[in-house]
Amino acid sequence: MSNDLYITASSSINTNIVSKNELLVFENKEPDLSQFLLSVYRHLDTQYPKFHKMDNLSKLGWLANEVLLKDSFDTAKYKPEDIGIVLSNANSSLDNDIKYMETVKEIASPALFVYTLPNIVIGEISIRHKFKGENAFFINEDFDAAFIQQYVGNLMHNEVLQCCICGWVEALGENYKAVLFLIEKDKSSNSVIFTKENLNKIYQIENG
Amino acid sequence: MDKLMSDLKTQIIAQLNLQDTKPEDIGDDQPLFVEGLGLDSIDALELIVLLQQHYKIKLSNAEDGPKVFRTVRTMAEYITAHQAQNA
């Protein structure tokens with residue numbers, strides 16, 4: 001079923017290393033996650049003031065997506081509604097939820113409240129690139145390649161989407177991990193077939 | 001008033017996480033929303049929180065918001081008037 005779909009690119013941010021297609025893009029040993037993510041943002045040399053207002057989960061997903069698409073993805077190839085996003089993690093938006101709960105003791109922070117849902121990261125990516133396709137954020141204990149392959153495969157085989165960004169975006173405290181895949185119908189150089197085995201293989205490599 | 005406006009600029013930058021903005025980048029009469037600093041509706045709520053946290057002022061009438069938060073100067077005038085009322 002999935003033989004005509006391809007993983008055309010991948011990116012990851014994990015253990016202070018940023019990579020794309022399994023090649024090192026950036027490394028910084030900064031132990032504080034917020035500071036590390038800020039250093040990645042600066043390395044990408046992007047001007048997007050709203051980045052600074054995001055919670056760490058959204059910053060992580062947003063940056064992993066910038067790395068995934070930068071210099072290689074032609075947005076004009078697709079209609080906005082043909083590009084979808086399907087993400088997952090284990091701890092939802094708990095990292096920000098805890099910070100928000102702390103503010104509730106005095107004056108609840110509206111800026112933190114708006115990030116008390118995990119799918120906001122999808123919204124931030126969609127706003128940035130004007131994507132309007134189907135999207136979903138699932139909570140799983142671990143990265144479930146079989147589920148992602150089946151769900152995204154169905155969306156693309158049923159012509160709901162022509163292209164999909166999918167993967168794992170997790171941030172809780174100083175623990176974080178993002179691995180994203182770009183799934184397309186056309187082959188490209190270095191693309192591999194969209195199977196659960198290839199998803200897992202890349203996930204393990206990108207996972208360090 | 002100048003000291004208050006200077007404090008407000010620093011507080012706005014901190015409260016709204018405007019990391020690429022310096023206090024001197026914000027003009028006293030520069031619109032804070034849309035064409036000026038480009039703040040949005042969530043920022044407006046954060047400015048209300050700022051007034052509560054730093055100046056113990058609760059915006060009693062939401063309709064006053066656009067007038068109060070138009071510029072740093074209008075915010076400072078609102079704070080000064082409120083403090084004078086409660087002196």
# chains A, B, ... in the order shown; residues from 1 in each chain; ligands from 1

call {"tool": "interface_residues", "arguments": {"of": "chain A", "to": "chain B", "cutoff": "12 Å", "atoms": "only C-alpha atoms", "output": "MDAnalysis selection string"}}
result
chainID A and resid 38 42 46:55 103:104 106:115

call {"tool": "residues_around", "arguments": {"residues": "segment 32-37 of chain B", "least_positions_apart": "6", "cutoff": "9 Å", "atoms": "only C-alpha atoms", "output": "PyMOL selection string"}}
result
chain B and resi 26+44+69-72

call {"tool": "write_last_selection", "arguments": {"atoms": "C-alpha atoms", "output": "PDB file, in the first residue's frame"}}
result
ATOM      1  CA  ILE B  26      10.020  51.560  21.203  1.00  0.00           C
ATOM      2  CA  ALA B  44      -3.008  42.617  24.939  1.00  0.00           C
ATOM      3  CA  PHE B  69      -2.734  50.330  25.337  1.00  0.00           C
ATOM      4  CA  ARG B  70      -2.420  52.486  22.226  1.00  0.00           C
ATOM      5  CA  THR B  71       1.134  53.637  23.014  1.00  0.00           C
ATOM      6  CA  VAL B  72       3.626  53.621  25.888  1.00  0.00           C
TER       7      VAL B  72
END

call {"tool": "residues_around", "arguments": {"residues": "segment 65-68 of chain B", "least_positions_apart": "4", "cutoff": "9 Å", "atoms": "only C-alpha atoms", "output": "CSV table (one decimal) with C-alpha atoms, in the first residue's frame"}}
result
chain,number,residue,atom,x,y,z
B,44,ALA,CA,-3.0,42.6,24.9
B,48,ILE,CA,-3.4,43.7,31.4
B,59,LEU,CA,-8.5,47.4,34.0
B,61,ASN,CA,-13.6,48.3,31.7
B,72,VAL,CA,3.6,53.6,25.9
B,73,ARG,CA,2.6,57.2,26.6
B,74,THR,CA,-1.1,56.4,26.9
B,75,MET,CA,-0.2,53.5,29.2
B,76,ALA,CA,1.9,55.9,31.4
B,77,GLU,CA,-0.9,58.5,31.4
B,78,TYR,CA,-3.4,55.9,32.5

call {"tool": "residues_around", "arguments": {"residues": "Lys201 of chain A", "least_positions_apart": "3", "cutoff": "12 Å", "atoms": "only C-alpha atoms", "output": "list in words"}}
result
Ile7, Ser10, Glu22, Phe143, Ala145, Val179, Phe181, Val192, Ile193, Phe194, Thr195, Lys196, Glu197, Asn198, Gln204, Ile205, Glu206, Asn207 and Gly208 of chain A

call {"tool": "select_by_dssp", "arguments": {"residues": "segment 10-43 of chain B", "states": "alpha helix (DSSP H)", "output": "list of chain:residue names"}}
result
B:Thr10, B:Gln11, B:Ile12, B:Ile13, B:Ala14, B:Gln15, B:Ser41, B:Ile42, B:Asp43

call {"tool": "write_last_selection", "arguments": {"atoms": "C-alpha atoms", "output": "PDB file, in the first residue's frame"}}
result
ATOM      1  CA  THR B  10      11.602  47.431  29.816  1.00  0.00           C
ATOM      2  CA  GLN B  11       8.613  45.721  31.420  1.00  0.00           C
ATOM      3  CA  ILE B  12       6.806  45.285  28.076  1.00  0.00           C
ATOM      4  CA  ILE B  13       9.880  43.661  26.530  1.00  0.00           C
ATOM      5  CA  ALA B  14      10.207  41.255  29.468  1.00  0.00           C
ATOM      6  CA  GLN B  15       6.495  40.466  29.765  1.00  0.00           C
ATOM      7  CA  SER B  41      -4.522  39.794  21.136  1.00  0.00           C
ATOM      8  CA  ILE B  42      -2.576  37.526  23.519  1.00  0.00           C
ATOM      9  CA  ASP B  43      -0.084  40.353  24.025  1.00  0.00           C
TER      10      ASP B  43
END

call {"tool": "atom_distance", "arguments": {"atom1": "atom CA of Val25 of chain A", "atom2": "atom CA of Glu66 of chain A"}}
result
11.8 Å
